[in-house]
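J.: So I've got this file, run.txt, and it contains compact mmCIF, C-alpha atoms and all ligand atoms:
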```txt
# COMPACT_ATOMS: atom_id res chain seq x y z
CA MET A 1 -25.69 9.22 2.24
CA SER A 2 -27.03 9.90 5.68
CA ALA A 3 -28.86 13.13 6.35
CA THR A 4 -26.21 14.43 8.77
CA SER A 5 -23.08 15.99 7.39
CA TRP A 6 -19.87 15.32 9.27
CA PHE A 7 -17.92 17.95 7.36
CA GLN A 8 -20.52 20.69 7.06
CA ASP A 9 -18.12 23.50 6.22
CA VAL A 10 -16.31 21.58 3.51
CA PRO A 11 -17.61 21.69 -0.08
CA ASN A 12 -16.79 19.21 -2.83
CA ILE A 13 -13.12 19.91 -3.48
CA PRO A 14 -12.72 21.66 -6.85
CA PHE A 15 -9.68 21.76 -9.11
CA GLU A 16 -8.54 25.38 -9.30
CA GLY A 17 -5.06 24.99 -10.75
CA PRO A 18 -1.55 26.01 -9.66
CA GLY A 19 -2.44 29.68 -9.10
CA SER A 20 -5.10 28.98 -6.48
CA ASP A 21 -4.57 29.88 -2.84
CA ASN A 22 -7.78 28.18 -1.73
CA PRO A 23 -6.62 25.54 0.78
CA LEU A 24 -9.71 23.44 0.00
CA ALA A 25 -8.99 23.15 -3.72
CA PHE A 26 -6.67 21.03 -5.82
CA THR A 27 -3.81 22.83 -7.52
CA HIS A 28 -2.65 19.84 -9.60
CA TYR A 29 -5.09 16.94 -9.26
CA ASN A 30 -7.55 17.39 -12.09
CA ALA A 31 -9.34 14.05 -12.25
CA ASP A 32 -10.40 14.26 -15.91
CA GLU A 33 -7.16 15.69 -17.27
CA VAL A 34 -5.46 13.27 -19.64
CA VAL A 35 -1.76 12.56 -19.03
CA ALA A 36 0.08 9.97 -21.12
CA GLY A 37 -3.10 8.55 -22.61
CA GLN A 38 -5.22 8.21 -19.46
CA THR A 39 -7.04 10.48 -17.06
CA MET A 40 -5.42 11.28 -13.73
CA ARG A 41 -8.27 9.42 -12.05
CA GLU A 42 -7.43 6.26 -13.99
CA HIS A 43 -3.67 6.52 -13.47
CA LEU A 44 -3.67 7.30 -9.78
CA ARG A 45 -6.60 5.24 -8.47
CA PHE A 46 -6.51 6.97 -5.07
CA ALA A 47 -7.98 5.32 -2.01
CA VAL A 48 -8.77 6.60 1.48
CA CYS A 49 -7.86 4.19 4.28
CA TYR A 50 -10.45 3.62 6.95
CA TRP A 51 -8.18 2.83 9.88
CA HIS A 52 -6.11 5.99 10.11
CA SER A 53 -8.68 8.40 8.71
CA MET A 54 -11.78 7.30 10.57
CA ARG A 55 -10.46 5.44 13.62
CA GLY A 56 -7.21 7.24 14.33
CA THR A 57 -7.17 9.13 17.62
CA GLY A 58 -3.62 10.46 17.67
CA ALA A 59 -2.70 8.01 20.44
CA ASP A 60 1.00 7.07 20.68
CA PRO A 61 3.04 4.94 23.11
CA PHE A 62 3.38 7.98 25.40
CA GLY A 63 -0.17 9.25 25.44
CA VAL A 64 -3.82 8.46 24.96
CA GLY A 65 -5.84 9.71 22.02
CA CYS A 66 -6.30 13.46 21.80
CA ARG A 67 -8.55 13.76 18.79
CA ASN A 68 -12.24 13.10 19.26
CA MET A 69 -13.76 13.11 15.84
CA PRO A 70 -17.49 13.86 16.05
CA TRP A 71 -18.47 10.55 14.45
CA SER A 72 -16.86 8.71 17.39
CA GLU A 73 -19.26 10.27 19.88
CA ALA A 74 -22.16 7.84 20.18
CA ASP A 75 -24.30 5.94 22.65
CA ASN A 76 -22.77 2.62 21.65
CA ASP A 77 -20.06 1.17 19.44
CA MET A 78 -22.39 0.13 16.62
CA GLN A 79 -23.80 3.64 16.34
CA ALA A 80 -20.22 4.92 16.23
CA ALA A 81 -19.43 2.38 13.52
CA HIS A 82 -22.33 3.56 11.36
CA GLN A 83 -21.40 7.21 11.87
CA ALA A 84 -17.75 6.60 11.01
CA MET A 85 -18.75 4.86 7.81
CA ASP A 86 -21.12 7.67 6.82
CA ALA A 87 -18.35 10.17 7.53
CA MET A 88 -15.85 8.19 5.45
CA PHE A 89 -18.12 8.09 2.42
CA GLU A 90 -18.69 11.82 2.80
CA LEU A 91 -14.91 12.42 2.97
CA VAL A 92 -14.24 10.20 -0.04
CA THR A 93 -17.04 11.73 -2.08
CA LYS A 94 -16.08 15.32 -1.32
CA LEU A 95 -12.47 14.58 -2.24
CA GLY A 96 -13.55 12.86 -5.44
CA VAL A 97 -11.48 9.80 -4.50
CA PRO A 98 -12.68 6.67 -6.32
CA PHE A 99 -11.73 3.98 -3.75
CA TRP A 100 -11.50 3.04 -0.07
CA CYS A 101 -9.71 0.31 1.93
CA PHE A 102 -10.49 -1.30 5.29
CA HIS A 103 -9.63 -3.97 7.87
CA ASP A 104 -12.57 -6.02 9.14
CA ARG A 105 -12.13 -4.64 12.67
CA ASP A 106 -11.96 -1.01 11.53
CA ILE A 107 -15.54 -1.03 10.40
CA ALA A 108 -17.20 -3.22 13.02
CA PRO A 109 -16.31 -3.90 16.66
CA GLU A 110 -15.25 -7.31 17.91
CA ARG A 111 -17.56 -9.20 20.26
CA ASN A 112 -16.86 -12.08 22.62
CA ASP A 113 -17.39 -14.83 20.11
CA LEU A 114 -16.71 -15.11 16.43
CA SER A 115 -20.27 -15.65 15.22
CA GLU A 116 -21.46 -12.51 16.99
CA THR A 117 -18.49 -10.60 15.63
CA ASN A 118 -19.27 -11.82 12.12
CA ALA A 119 -22.90 -10.70 12.51
CA LYS A 120 -21.78 -7.18 13.42
CA LEU A 121 -19.42 -7.17 10.47
CA ASP A 122 -22.24 -8.26 8.15
CA GLU A 123 -24.40 -5.41 9.42
CA MET A 124 -21.66 -2.93 8.50
CA ILE A 125 -21.03 -4.59 5.15
CA ASP A 126 -24.73 -4.13 4.34
CA HIS A 127 -24.30 -0.47 5.17
CA ALA A 128 -21.12 -0.21 3.07
CA GLU A 129 -22.86 -1.87 0.15
CA ARG A 130 -25.64 0.71 0.23
CA LEU A 131 -23.17 3.59 0.47
CA GLN A 132 -21.01 2.23 -2.34
CA GLU A 133 -24.09 2.00 -4.50
CA SER A 134 -25.34 5.51 -3.78
CA THR A 135 -21.92 7.19 -4.15
CA GLY A 136 -20.24 5.07 -6.85
CA VAL A 137 -17.17 4.71 -4.59
CA ARG A 138 -15.48 1.31 -4.93
CA LEU A 139 -13.38 -0.92 -2.70
CA LEU A 140 -9.68 -1.09 -3.62
CA TRP A 141 -8.93 -3.80 -1.08
CA GLY A 142 -10.05 -5.35 2.16
CA THR A 143 -7.98 -7.09 4.81
CA ALA A 144 -8.24 -8.81 8.17
CA CYS A 145 -6.76 -7.23 11.28
CA LEU A 146 -4.59 -10.09 12.54
CA PHE A 147 -2.46 -8.01 14.89
CA ALA A 148 -4.51 -5.91 17.34
CA HIS A 149 -6.28 -8.51 19.52
CA PRO A 150 -4.19 -10.05 22.35
CA ARG A 151 -4.70 -13.54 20.88
CA TYR A 152 -2.37 -12.48 18.06
CA MET A 153 0.49 -11.42 20.35
CA GLY A 154 2.57 -14.32 19.01
CA GLY A 155 1.42 -14.00 15.42
CA ALA A 156 -1.60 -15.24 13.46
CA GLY A 157 -0.45 -17.58 10.67
CA THR A 158 2.80 -17.95 12.63
CA SER A 159 1.31 -18.26 16.09
CA PRO A 160 2.77 -21.03 18.26
CA SER A 161 -0.87 -21.85 19.11
CA VAL A 162 -2.85 -23.91 16.63
CA ASP A 163 -6.10 -22.50 18.05
CA VAL A 164 -4.94 -19.02 17.11
CA PHE A 165 -4.00 -20.23 13.62
CA ALA A 166 -7.52 -21.61 13.19
CA HIS A 167 -9.05 -18.35 14.44
CA ALA A 168 -6.90 -16.39 12.00
CA ALA A 169 -7.96 -18.67 9.15
CA ALA A 170 -11.61 -18.14 10.05
CA GLN A 171 -11.10 -14.40 10.15
CA VAL A 172 -9.32 -14.36 6.78
CA LYS A 173 -12.07 -16.54 5.29
CA LYS A 174 -14.73 -14.08 6.39
CA ALA A 175 -12.72 -11.02 5.35
CA ILE A 176 -12.22 -12.43 1.85
CA GLU A 177 -15.94 -13.17 1.63
CA VAL A 178 -16.99 -9.64 2.57
CA THR A 179 -14.36 -8.12 0.29
CA HIS A 180 -15.80 -10.24 -2.52
CA ARG A 181 -19.31 -9.11 -1.63
CA LEU A 182 -18.27 -5.47 -1.90
CA GLY A 183 -16.66 -6.06 -5.27
CA GLY A 184 -13.15 -5.43 -3.94
CA ALA A 185 -10.41 -5.16 -6.57
CA GLY A 186 -7.96 -6.84 -4.20
CA TYR A 187 -7.18 -8.29 -0.79
CA VAL A 188 -4.07 -7.54 1.34
CA PHE A 189 -2.04 -9.64 3.75
CA TRP A 190 0.12 -7.55 6.04
CA GLY A 191 1.89 -9.62 8.69
CA GLY A 192 2.73 -7.21 11.47
CA ARG A 193 2.98 -9.99 14.02
CA GLU A 194 4.15 -12.66 11.59
CA GLY A 195 7.70 -12.61 12.87
CA TYR A 196 9.44 -12.87 16.20
CA ASP A 197 10.94 -10.99 19.08
CA THR A 198 13.53 -13.62 20.00
CA LEU A 199 14.67 -16.76 18.19
CA LEU A 200 15.18 -18.41 21.58
CA ASN A 201 11.45 -19.21 21.65
CA THR A 202 10.80 -19.31 17.90
CA ASP A 203 10.91 -22.06 15.28
CA MET A 204 11.52 -19.92 12.21
CA ARG A 205 11.33 -22.78 9.69
CA ARG A 206 8.02 -24.00 11.07
CA ASP A 207 6.59 -20.46 11.18
CA GLY A 208 7.32 -20.11 7.46
CA GLU A 209 5.57 -23.37 6.64
CA HIS A 210 2.52 -22.34 8.67
CA LEU A 211 2.31 -18.91 7.08
CA ALA A 212 2.47 -20.51 3.64
CA ARG A 213 -0.34 -22.90 4.63
CA LEU A 214 -2.52 -19.94 5.56
CA MET A 215 -1.82 -18.34 2.18
CA HIS A 216 -2.60 -21.56 0.32
CA LEU A 217 -5.85 -21.96 2.25
CA ALA A 218 -6.75 -18.38 1.31
CA VAL A 219 -6.01 -19.06 -2.37
CA GLU A 220 -8.18 -22.19 -2.29
CA HIS A 221 -11.02 -20.31 -0.63
CA LYS A 222 -10.74 -17.46 -3.10
CA GLN A 223 -11.07 -19.92 -5.96
CA ALA A 224 -14.00 -21.70 -4.34
CA LEU A 225 -15.78 -18.34 -3.97
CA GLY A 226 -14.98 -17.21 -7.48
CA PHE A 227 -13.40 -14.04 -6.09
CA GLU A 228 -11.25 -12.55 -8.83
CA GLY A 229 -9.61 -9.75 -6.87
CA GLN A 230 -5.82 -9.67 -6.67
CA PHE A 231 -4.07 -10.96 -3.52
CA TYR A 232 -1.20 -8.85 -2.23
CA ILE A 233 1.47 -9.23 0.44
CA GLU A 234 2.56 -5.96 2.02
CA PRO A 235 6.23 -6.12 3.05
CA LYS A 236 7.50 -4.53 6.26
CA PRO A 237 10.72 -5.43 8.08
CA CYS A 238 9.70 -4.76 11.69
CA GLU A 239 7.21 -2.97 13.94
CA PRO A 240 5.41 -4.26 15.85
CA SER A 241 7.56 -7.44 15.73
CA THR A 242 11.32 -7.11 16.12
CA HIS A 243 11.77 -9.10 12.93
CA GLN A 244 9.01 -9.65 10.39
CA TYR A 245 9.13 -12.42 7.82
CA ASP A 246 7.68 -10.30 4.98
CA TYR A 247 10.79 -8.13 5.36
CA ASP A 248 10.93 -6.46 1.95
CA ALA A 249 9.94 -7.07 -1.68
CA GLN A 250 12.84 -9.40 -2.31
CA SER A 251 12.25 -11.60 0.73
CA CYS A 252 8.52 -11.78 -0.06
CA HIS A 253 9.46 -12.87 -3.56
CA ALA A 254 11.65 -15.66 -2.17
CA PHE A 255 8.83 -16.78 0.15
CA LEU A 256 6.31 -16.83 -2.70
CA LEU A 257 8.69 -18.81 -4.92
CA LYS A 258 9.65 -21.30 -2.23
CA HIS A 259 6.04 -22.02 -1.35
CA ASP A 260 4.68 -22.12 -4.87
CA LEU A 261 2.48 -19.07 -4.33
CA VAL A 262 4.04 -16.67 -6.80
CA ASP A 263 1.26 -16.99 -9.38
CA HIS A 264 -1.35 -15.96 -6.82
CA PHE A 265 0.16 -12.86 -5.26
CA LYS A 266 1.55 -9.45 -6.05
CA LEU A 267 2.97 -6.91 -3.62
CA ASN A 268 1.50 -3.85 -1.96
CA ILE A 269 4.50 -1.57 -1.52
CA GLU A 270 4.40 1.05 1.24
CA ALA A 271 6.85 3.96 1.19
CA ASN A 272 7.54 4.06 4.92
CA HIS A 273 8.05 0.28 5.07
CA ALA A 274 10.68 0.56 2.34
CA THR A 275 12.68 3.06 4.35
CA LEU A 276 12.35 0.96 7.52
CA ALA A 277 13.94 -1.88 5.55
CA GLY A 278 16.87 0.35 4.65
CA HIS A 279 15.65 0.82 1.08
CA THR A 280 14.15 3.70 -0.81
CA PHE A 281 10.52 3.62 -1.93
CA HIS A 282 11.97 3.68 -5.44
CA HIS A 283 14.02 0.54 -4.75
CA GLU A 284 11.07 -1.49 -3.50
CA LEU A 285 8.86 -0.43 -6.40
CA ASP A 286 11.58 -1.09 -8.94
CA TYR A 287 12.27 -4.56 -7.53
CA ALA A 288 8.56 -5.39 -7.58
CA ALA A 289 7.99 -4.01 -11.07
CA GLY A 290 11.06 -5.77 -12.41
CA HIS A 291 9.73 -9.12 -11.22
CA ASP A 292 6.12 -8.70 -12.25
CA LEU A 293 5.06 -8.25 -8.63
CA LEU A 294 4.00 -4.60 -8.52
CA GLY A 295 0.36 -4.68 -7.53
CA SER A 296 -0.61 -1.75 -5.35
CA ILE A 297 0.90 1.06 -3.30
CA ASP A 298 0.43 2.42 0.21
CA ALA A 299 1.31 6.04 -0.43
CA ASN A 300 2.80 7.69 2.63
CA ARG A 301 6.21 8.73 3.91
CA GLY A 302 8.36 8.37 7.00
CA ASP A 303 10.37 10.96 8.82
CA PRO A 304 14.09 10.54 8.08
CA LEU A 305 14.87 11.64 11.64
CA LEU A 306 12.70 8.94 13.23
CA GLY A 307 13.27 5.23 12.88
CA TRP A 308 9.66 4.10 12.93
CA ASP A 309 6.54 3.93 10.79
CA THR A 310 5.30 7.50 11.11
CA ASP A 311 2.80 7.00 8.25
CA GLN A 312 2.77 10.66 7.20
CA PHE A 313 0.89 11.94 4.20
CA PRO A 314 3.16 11.98 1.13
CA THR A 315 4.37 15.46 0.27
CA ASP A 316 7.86 14.74 -1.03
CA LEU A 317 7.66 15.46 -4.75
CA GLN A 318 10.89 13.76 -5.75
CA ASP A 319 10.00 10.57 -3.88
CA ALA A 320 6.53 10.52 -5.44
CA THR A 321 7.98 11.18 -8.88
CA MET A 322 10.33 8.20 -8.65
CA ALA A 323 7.32 6.11 -7.66
CA MET A 324 5.16 7.31 -10.55
CA LEU A 325 8.03 6.82 -12.98
CA VAL A 326 8.23 3.13 -12.03
CA VAL A 327 4.44 2.83 -12.24
CA LEU A 328 4.28 4.44 -15.70
CA GLN A 329 7.26 2.50 -17.03
CA SER A 330 5.73 -0.76 -15.91
CA GLY A 331 2.47 -0.05 -17.74
CA GLY A 332 0.44 1.45 -14.88
CA LEU A 333 -1.61 0.16 -11.99
CA THR A 334 -4.35 -2.28 -12.97
CA THR A 335 -6.05 -3.82 -9.94
CA GLY A 336 -4.07 -1.70 -7.50
CA GLY A 337 -4.10 1.96 -6.58
CA LEU A 338 -2.53 4.59 -4.37
CA ASN A 339 -3.93 4.04 -0.90
CA PHE A 340 -3.23 6.80 1.60
CA ASP A 341 -2.10 4.58 4.46
CA ALA A 342 -1.27 7.77 6.33
CA LYS A 343 -2.38 9.46 9.49
CA LEU A 344 -2.76 12.96 10.76
CA ARG A 345 -0.14 14.14 13.23
CA ARG A 346 -1.11 13.99 16.90
CA GLN A 347 -1.59 17.77 17.00
CA SER A 348 -3.89 17.81 13.96
CA THR A 349 -7.18 17.58 15.76
CA ASP A 350 -9.72 19.12 13.43
CA PRO A 351 -11.82 17.03 10.99
CA VAL A 352 -10.92 19.48 8.21
CA ASP A 353 -7.26 18.41 8.64
CA LEU A 354 -8.25 15.16 6.90
CA PHE A 355 -9.04 17.24 3.83
CA TYR A 356 -5.81 19.22 3.91
CA ALA A 357 -3.89 15.96 4.31
CA HIS A 358 -5.52 14.18 1.38
CA ILE A 359 -5.48 17.24 -0.88
CA GLY A 360 -1.73 17.54 -0.27
CA GLY A 361 -1.12 13.87 -1.01
CA MET A 362 -3.27 13.92 -4.14
CA ASP A 363 -1.68 17.09 -5.50
CA THR A 364 1.80 15.68 -4.83
CA PHE A 365 1.08 12.51 -6.80
CA ALA A 366 -0.68 14.43 -9.56
CA ARG A 367 2.44 16.57 -10.02
CA ALA A 368 4.60 13.47 -9.82
CA LEU A 369 2.50 11.88 -12.56
CA LYS A 370 2.86 14.89 -14.85
CA ILE A 371 6.60 15.10 -14.24
CA SER A 372 7.18 11.40 -14.82
CA ALA A 373 5.16 11.49 -18.03
CA GLN A 374 7.45 14.32 -19.17
CA ILE A 375 10.59 12.41 -18.15
CA MET A 376 9.40 9.44 -20.18
CA ALA A 377 8.43 11.51 -23.19
CA ASP A 378 11.83 13.24 -23.19
CA GLY A 379 13.64 9.93 -22.94
CA ARG A 380 16.93 11.53 -21.86
CA LEU A 381 17.30 9.52 -18.67
CA ASP A 382 16.31 6.33 -20.47
CA GLU A 383 18.86 6.99 -23.14
CA LEU A 384 21.65 7.44 -20.60
CA LYS A 385 20.70 4.16 -18.97
CA ARG A 386 20.59 2.44 -22.34
CA LEU A 387 24.03 3.74 -23.25
CA ARG A 388 25.42 2.57 -19.93
CA TYR A 389 24.42 -1.00 -20.81
CA ALA A 390 25.15 -0.72 -24.55
CA SER A 391 27.99 -3.25 -24.51
CA TRP A 392 25.47 -5.90 -23.52
CA ASP A 393 23.76 -5.40 -26.88
CA SER A 394 26.88 -6.71 -28.65
CA ALA A 395 27.25 -10.28 -29.89
CA LEU A 396 29.20 -11.16 -26.75
CA GLY A 397 26.58 -9.63 -24.45
CA ARG A 398 23.79 -11.50 -26.16
CA SER A 399 25.66 -14.78 -26.02
CA ILE A 400 26.01 -14.38 -22.23
CA GLU A 401 22.39 -13.34 -21.75
CA ASP A 402 21.03 -16.19 -23.83
CA GLY A 403 23.27 -18.70 -22.09
CA THR A 404 25.34 -19.81 -25.08
CA ALA A 405 28.70 -18.32 -24.01
CA SER A 406 30.97 -20.61 -21.98
CA MET A 407 33.68 -19.72 -19.45
CA VAL A 408 36.23 -20.59 -22.16
CA ASP A 409 34.63 -18.06 -24.56
CA LEU A 410 34.72 -15.39 -21.87
CA GLU A 411 38.33 -16.14 -21.04
CA ALA A 412 39.26 -15.83 -24.71
CA HIS A 413 37.50 -12.46 -24.83
CA ALA A 414 39.12 -11.24 -21.60
CA LEU A 415 42.61 -12.19 -22.79
CA LYS A 416 42.05 -10.15 -25.94
CA ALA A 417 40.14 -7.16 -24.55
CA ASN A 418 42.34 -6.49 -21.49
CA VAL A 419 39.64 -4.28 -19.87
CA GLN A 420 40.90 -1.72 -17.33
CA ALA A 421 37.92 0.59 -16.71
CA ILE A 422 34.47 1.45 -18.03
CA ASP A 423 32.78 4.67 -19.09
CA SER A 424 31.56 7.24 -16.58
CA GLY A 425 28.32 6.45 -14.76
CA ARG A 426 27.37 10.14 -15.05
CA GLN A 427 25.46 10.24 -11.76
CA GLU A 428 25.90 14.01 -11.31
CA LEU A 429 24.75 14.73 -14.85
CA ILE A 430 21.72 12.47 -14.36
CA GLU A 431 20.81 14.16 -11.08
CA ASN A 432 21.08 17.57 -12.75
CA ILE A 433 18.79 16.46 -15.55
CA LEU A 434 16.32 15.11 -13.02
CA ASN A 435 16.31 18.38 -11.07
CA GLY A 436 15.58 20.19 -14.31
CA TYR A 437 12.11 18.63 -14.35
CA PHE A 438 11.05 20.08 -11.00
C1 LIG B 501 0.99 -1.17 8.93
C2 LIG B 501 0.45 -1.49 7.62
C3 LIG B 501 -1.05 -1.72 7.60
C4 LIG B 501 -1.45 -2.39 6.32
C5 LIG B 501 -2.80 -3.03 6.36
O1 LIG B 501 2.13 -0.77 9.08
O2 LIG B 501 0.82 -0.49 6.73
O3 LIG B 501 -1.72 -0.53 7.79
O4 LIG B 501 -1.41 -1.51 5.25
O5 LIG B 501 -2.90 -3.99 7.34
NI NI B 502 0.13 -0.22 4.78
NI NI B 503 2.70 1.22 7.59
```
What is this structure when it is put down as structure tokens?
Ligand code: XLS
Ligand code: NI
Ligand code: NI
T.:
Amino acid sequence: MSATSWFQDVPNIPFEGPGSDNPLAFTHYNADEVVAGQTMREHLRFAVCYWHSMRGTGADPFGVGCRNMPWSEADNDMQAAHQAMDAMFELVTKLGVPFWCFHDRDIAPERNDLSETNAKLDEMIDHAERLQESTGVRLLWGTACLFAHPRYMGGAGTSPSVDVFAHAAAQVKKAIEVTHRLGGAGYVFWGGREGYDTLLNTDMRRDGEHLARLMHLAVEHKQALGFEGQFYIEPKPCEPSTHQYDYDAQSCHAFLLKHDLVDHFKLNIEANHATLAGHTFHHELDYAAGHDLLGSIDANRGDPLLGWDTDQFPTDLQDATMAMLVVLQSGGLTTGGLNFDAKLRRQSTDPVDLFYAHIGGMDTFARALKISAQIMADGRLDELKRLRYASWDSALGRSIEDGTASMVDLEAHALKANVQAIDSGRQELIENILNGYF
């Protein structure tokens, strides 16, 4: 760690339990506490994201940044980059978070040509490597920022310009290499500009082929490097593009299947992206888990009154509980984790707000973990679901599921059974049981 402290007044955050009124303590996140066979630290695998936490300024489309974090005040951009990284490792260490995540351009500034840019990135990766070693903090995933620079206005892998495609490929190549160097557990592709604003100037079929080529090239490079981290696609339906190709979990699945990539990718599901797609967080996680695609999670929330990606810190206990229930039922996160892809509100201008924000998110997910473990141990909700599908466990149900029943067999059954209705779905009862856990 550097000699300077960026959060002088903040101690290492202790666990004090539910009775505590210390705002700089955890009330539920107790890293070493064992829940359902594993410690909270192992289950939750929290990560701090570099972009919002260290580089966020509170800027929005109506106003410039209004938060000047002390690490951003420097004589030049490389000094600021070093300071931001020192501050992030201090934040992560004081929170007791085991992981971090970054985009290449979050940690080092872009220069006028790629080789100079790569040199600056290498300098910051050296620094990150030293800090990871001295703190024990690990990299959950890295990624390339393929959306901020003007060259990417028309997409990266789906740019109409082949020069831009080549630049994107070079950037992804480098970002995978540095992620590998830092021992990253994964690598994310989020395609904010992989989409379109109008089909009148867009060849959608060709865009899809190009995007798949970029993914295949990345897989080949990963194998050549011997990088064993997991690749993820992060679905999002829109914003900044009007329509994004990685719309939701199900459309990503179709893309991966069509282009023969499904063995090489899992999904990174973000709560606010789910709601933008008209789904719940629960839906996206359940789809991913049900198709062996649940890899990692961007833990945040939207504002139901606003139709955009507000990336707020997650504080909704029921939402988080549904998420943890899917995670536990699918056997837990392995390479992935819970990355706080979340930003402070524009009016939260004090560095200590980063602590309040993360403490709130961590306590919410810790409670959600405990509640979901209890829901699973009780088995009441599971049992109701099992009963609802019980007829499928009959001889007829099995013969349909295993493909041996014919239309003629089913007709014979229907003529005999004369079905008019089925048993109650019991939604109100189920919701009452669920509320009983909170
Ligand atoms: C933006 C995305 C982005 C990805 C990483 O909406 O959530 O932050 O997580 O590129
Ligand atoms: Ni995200
Ligand atoms: Ni987002």
J.: Find the residues near region 293-300 of chain A: any atom within 7 Å, counting all atoms listed in the file, skip ones fewer than 3 places away on the same chain, and give them as JSON, numbers by chain.
T.: {"A": [232, 266, 267, 268, 269, 270, 271, 272, 285, 288, 289, 311, 312, 313, 314, 333, 335, 336, 337, 338, 339, 340, 341, 342]}
J.: For ligand LIG 501 (chain B), collect every residue having any atom at a distance of at most 7 Å from a ligand atom (counting only C-alpha atoms and all ligand atoms); output as a VMD selection string.
T.: chain A and resid 103 143 145 188 to 190 192 234 270 298 309 341
J.: Show me, as a PyMOL selection string, the residues that have an atom within 10 Å of Val97 (chain A) when counting only C-alpha atoms, minus same-chain residues fewer than 6 positions from it.
T.: chain A and resi 31+41+44-48+89+91+137-138+358+362
J.: Within 10 Å of (12.2, -5.4, 13.0) (file coordinates; only C-alpha atoms), which protein or nucleic acid residues are there? I'd like them as number ranges by chain.
T.: A: 192, 195-197, 236-245, 247, 276-277, 308
J.: State, in Å with one decimal place, the distance from CA of Phe227 (chain A) to CA of Arg181 (chain A).
T.: 8.9 Å
J.: Would you kindly return, as a PDB file with C-alpha atoms, in the coordinates of the input, each protein, DNA or RNA residue with an atom no farther than 9 Å from any atom of Gly307 (chain A), considering only C-alpha atoms and excluding same-chain residues fewer than 4 positions away?
T.:
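The resulting file, around.pdb, is shown below:
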```pdb
ATOM      1  CA  THR A 275      12.680   3.060   4.350  1.00  0.00           C
ATOM      2  CA  LEU A 276      12.350   0.960   7.520  1.00  0.00           C
ATOM      3  CA  GLY A 302       8.360   8.370   7.000  1.00  0.00           C
ATOM      4  CA  ASP A 303      10.370  10.960   8.820  1.00  0.00           C
TER       5      ASP A 303
END
```
J.: Using all atoms listed in the file, which of the listed residues (A:Met204, A:Ala274, A:Val64, A:Met54) sits closest to ligand NI 502 (chain B)?
T.: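 Going through A:Met204, A:Ala274, A:Val64, A:Met54 one by one, the smallest distance to ligand NI 502 (chain B) is for A:Ala274.
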J.: Between CA of Glu194 (chain A) and CA of Phe99 (chain A), what distance in Å does the model show, to one decimal?
T.: 27.6 Å
J.: Need the shell around Leu121 (chain A): protein/DNA/RNA residues with any atom at most 9 Å away, counting only C-alpha atoms. Skip same-chain ones fewer than 5 positions apart. Format as a PyMOL selection string?
T.: chain A and resi 104-105+107-110+116+126+178
J.: Could you check how far CA of Ala170 (chain A) sits from CA of Ser72 (chain A), in Å to one decimal?
T.: 28.3 Å
J.: Of the residues A:Arg301, A:Asp86, A:Gly186, A:Arg213, which is the one nearest to ligand NI 503 (chain B), using all atoms listed in the file?
T.: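 Answer, going by the shortest atom-to-atom distance: A:Arg301.
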J.: Which is closest to ligand NI 503 (chain B) among A:Leu410, A:Gly191, A:Gly58, A:Phe355, if we use all atoms listed in the file?
T.: A:Gly191
J.: Which polymer residues have any atom within 12 Å of an atom of Ser424 (chain A), counting all atoms listed in the file, with same-chain residues fewer than 6 positions away left out, as a list of chain:residue names?
T.: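 Near Ser424 (chain A), the qualifying residues are A:Leu384, A:Lys385, A:Leu387, A:Arg388, A:Tyr389, A:Ile430.
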J.: Please produce an output containing C-alpha atoms for each residue in the selection, written as an mmCIF file, in the frame of the given file.
T.:
```cif
data_model
loop_
_atom_site.group_PDB
_atom_site.id
_atom_site.type_symbol
_atom_site.label_atom_id
_atom_site.label_comp_id
_atom_site.auth_asym_id
_atom_site.auth_seq_id
_atom_site.Cartn_x
_atom_site.Cartn_y
_atom_site.Cartn_z
ATOM 1 C CA LEU A 384 21.650 7.440 -20.600
ATOM 2 C CA LYS A 385 20.700 4.160 -18.970
ATOM 3 C CA LEU A 387 24.030 3.740 -23.250
ATOM 4 C CA ARG A 388 25.420 2.570 -19.930
ATOM 5 C CA TYR A 389 24.420 -1.000 -20.810
ATOM 6 C CA ILE A 430 21.720 12.470 -14.360
#
```
J.: Could you check the closest approach to ligand NI 502 (chain B) for each of A:Lys343, A:Arg386, A:Lys94, A:Arg111 and tell me which residue wins, using only C-alpha atoms and all ligand atoms?
T.: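 The closest residue to ligand NI 502 (chain B) is A:Lys343.
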J.: Select all residues near (9.7, -18.9, 9.4) (cut-off 12 Å, inclusive, file coordinates), counting only C-alpha atoms, and output them as a PyMOL selection string.
T.: chain A and resi 155+157-160+194-196+199+202-213+243-247+251-252+255+258-259
J.: Extract region 121-125 of chain A from the structure I just pasted (atoms: N, CA and C atoms) and return it as a compact mmCIF listing (two decimals), in the first residue's frame.
T.:
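As a result, decode_11.txt now contains:
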```txt
# COMPACT_ATOMS: atom_id res chain seq x y z
N LEU A 121 -0.90 1.21 -19.96
CA LEU A 121 -1.67 0.15 -19.31
C LEU A 121 -0.72 -0.81 -18.59
N ASP A 122 0.37 -1.17 -19.25
CA ASP A 122 1.34 -2.08 -18.61
C ASP A 122 1.88 -1.49 -17.32
N GLU A 123 2.13 -0.19 -17.34
CA GLU A 123 2.65 0.46 -16.13
C GLU A 123 1.66 0.29 -14.98
N MET A 124 0.37 0.46 -15.29
CA MET A 124 -0.64 0.33 -14.24
C MET A 124 -0.87 -1.13 -13.84
N ILE A 125 -0.66 -2.04 -14.78
CA ILE A 125 -0.81 -3.46 -14.44
C ILE A 125 0.32 -3.88 -13.50
```
